[in-house]
Amino acid sequence: MRKPTPLETLIIAMIREDGPMPLDRYMALCLGHPVHGYYMSRDPFGPEGDFITAPEISQIFGELIGIWAAAAFQALGAPAAFHLVELGPGRGTLMSDILRSSHVMPGFRDAARIHLVETSPALRKQQADRLGTGVIWHESIATLPEGPAIVIANEFFDALPIRQFEARDRQWMERRVGLGADGGMVVGLAAQQLDRPPAADGTILEMGSSRDDIARELGARFVAGPGAALIIDYGHVASGFGDTLQAVRRHKFCSILDRPGEADLTSHVDFESLRNALAQGGAVTHGPITQRQFLLSMGLEARASLLSQRAKLNERKVIGRAVERLAGDNQMGNLFKVMAATSPGLSTPYPFGSR
Ligand code: SAH
């Protein structure tokens, strides 16, 4: 048998002690264990890493979000001070592109107080290198100060833990990580009460309570004070059934049980559930629309052609490929969705509500 990862040894001991582990606990340990968690010590992004995100594909992505943030700032009445918040800022690339392009809006940069919600010490270090001083870090959104806020989250919610349930004989059972006959980890089913109508055998239901909790809290913030949020992630517009939990290591899919702590675990975001949670908190939601629709409406093509005019031939090709990757129908364009939430009383932010 291959050598288990340090985290695998720990998880196996926990299961021996407490019994099979719900997937949200497993996911939280794999991603966020203080020593062995996936995000805690490494930089997962880029060709050398495990996966790549939109801001790392092209600067245009962050620049267009910067324009959106600048418009939101104006909609908030151009306050003398506001909190510019990013959830799960990765390498800090998106924030740095936002700050560059939002300069077009007079007063924005001077008014912006930057807050990053980030649990990973390794990524905090990269964010500090990228963004310099004057940035405030938070473990969670609970410590964000009051006041007007613009909140951005790209590929944040997909990394938050979920639970899975499977239908068997007109009952729902929970999928949990337990131990097989050889002592290794296996996914099995455990009895668990669930207040949902029964479904056909084998149907999988996913529940992201920690995602919804954060969305509800954000929604409540926008009632207490003025604010706007932009949420970008991969997922589905309407709640449905199916197993979307996936593990990725070095740009390849693997089993969620393979090398715990060394693979990225994510699942599709249920935008219907997220939207309901934001609304429960009291915010008004807009969209979701596809990333393709969002980026094209925000001027992706015009910005790309301007950059291309100034670029050498080989760089032009890179820009063209990046545009295709971000907005192409069969690439990120349709799979990724963009949703906004605002305080009640604010007008619908562009490009939501436009045709
Ligand atoms: N937005 C970035 C990074 C996406 S990866 C980009 O688009 O490139 C997910 C990010 O969320 C990482 O920065 C990770 O460390 C952070 N993260 C994951 N779980 C978190 C949690 N529970 N609280 C705060 N940050 C978290």
# chains A, B, ... in the order shown; residues from 1 in each chain; ligands from 1
$ closest_atom_pairs --of "chain A" --to "ligand 1" --cutoff "6 Å" --atoms "only C-alpha atoms and all ligand atoms" --output "tab-separated table"
residue	atom	partner	partner_atom_place_in_ligand_line	distance
A:Tyr39	CA	ligand 1	15 (O)	5.1
A:Thr53	CA	ligand 1	8 (O)	4.8
A:Ala54	CA	ligand 1	7 (O)	5.9
A:Pro55	CA	ligand 1	7 (O)	5.6
A:Gly88	CA	ligand 1	11 (O)	3.2
A:Pro89	CA	ligand 1	1 (N)	4.2
A:Gly90	CA	ligand 1	13 (O)	3.4
A:Val117	CA	ligand 1	24 (C)	5.2
A:Glu118	CA	ligand 1	25 (N)	3.9
A:Thr119	CA	ligand 1	24 (C)	4.6
A:Ser120	CA	ligand 1	15 (O)	4.8
A:Ser140	CA	ligand 1	23 (N)	5.8
A:Asn154	CA	ligand 1	1 (N)	4.4
A:Glu155	CA	ligand 1	4 (C)	4.6
A:Phe156	CA	ligand 1	11 (O)	4.8
A:Ala159	CA	ligand 1	18 (C)	5.4
A:Leu160	CA	ligand 1	19 (N)	5.7
$ write_last_selection --atoms "C-alpha atoms" --output "PDB file, in the first residue's frame"
ATOM      1  CA  TYR A  39      -4.544  25.990   0.932  1.00  0.00           C
ATOM      2  CA  THR A  53      -8.517  30.911 -12.281  1.00  0.00           C
ATOM      3  CA  ALA A  54      -9.868  33.734 -14.445  1.00  0.00           C
ATOM      4  CA  PRO A  55      -7.733  36.551 -12.970  1.00  0.00           C
ATOM      5  CA  GLY A  88     -10.741  34.302  -1.052  1.00  0.00           C
ATOM      6  CA  PRO A  89      -8.319  36.595  -2.922  1.00  0.00           C
ATOM      7  CA  GLY A  90      -5.834  33.902  -4.038  1.00  0.00           C
ATOM      8  CA  VAL A 117     -10.992  37.519   3.862  1.00  0.00           C
ATOM      9  CA  GLU A 118      -8.356  34.797   3.643  1.00  0.00           C
ATOM     10  CA  THR A 119      -7.529  31.809   5.834  1.00  0.00           C
ATOM     11  CA  SER A 120      -4.284  30.725   4.178  1.00  0.00           C
ATOM     12  CA  SER A 140     -14.094  35.387   8.145  1.00  0.00           C
ATOM     13  CA  ASN A 154     -14.344  34.900  -7.486  1.00  0.00           C
ATOM     14  CA  GLU A 155     -14.145  31.128  -7.018  1.00  0.00           C
ATOM     15  CA  PHE A 156     -14.606  31.509  -3.269  1.00  0.00           C
ATOM     16  CA  ALA A 159     -14.164  25.975  -2.049  1.00  0.00           C
ATOM     17  CA  LEU A 160     -16.528  26.022   0.933  1.00  0.00           C
TER      18      LEU A 160
END
$ residues_around --residues "stretch 180-188 of chain A" --least-positions-apart "2" --cutoff "10 Å" --atoms "only C-alpha atoms" --output "list in words"
Met1, Pro4, Glu8, Thr9, Ile11, Ile12, Ile15, Arg16, Pro20, Met21, Pro22, Leu23, Met173, Glu174, Arg175, Arg176, Val177, Gly178, Ala190, Ile256, Leu257 and Asp258 of chain A
$ residues_around --residues "A:Ser308" --least-positions-apart "3" --cutoff "12 Å" --atoms "only C-alpha atoms" --output "list in words"
Ile60, Glu301, Ala302, Arg303, Ala304, Ser305, Ala311, Lys312, Leu313, Asn314, Glu315, Arg316, Lys317, Val318, Ile319, Gly320, Arg321, Ala322 and Val323 of chain A
$ residues_around --residues "A:Arg292" --least-positions-apart "5" --cutoff "7 Å" --atoms "only C-alpha atoms" --output "mmCIF file with C-alpha atoms, in the first residue's frame"
data_model
loop_
_atom_site.group_PDB
_atom_site.id
_atom_site.type_symbol
_atom_site.label_atom_id
_atom_site.label_comp_id
_atom_site.auth_asym_id
_atom_site.auth_seq_id
_atom_site.Cartn_x
_atom_site.Cartn_y
_atom_site.Cartn_z
ATOM 1 C CA ALA A 327 -15.950 33.793 -22.453
ATOM 2 C CA GLY A 328 -16.084 30.850 -24.897
ATOM 3 C CA GLY A 333 -18.182 31.376 -20.565
ATOM 4 C CA ASN A 334 -21.268 29.310 -19.808
#
$ residues_around --residues "stretch 196-200 of chain A" --least-positions-apart "4" --cutoff "10 Å" --atoms "only C-alpha atoms" --output "list of chain:residue names"
A:Glu166, A:Ala167, A:Arg168, A:Asp169, A:Arg170, A:Gln171, A:Trp172, A:Ile204, A:Leu205, A:Phe241
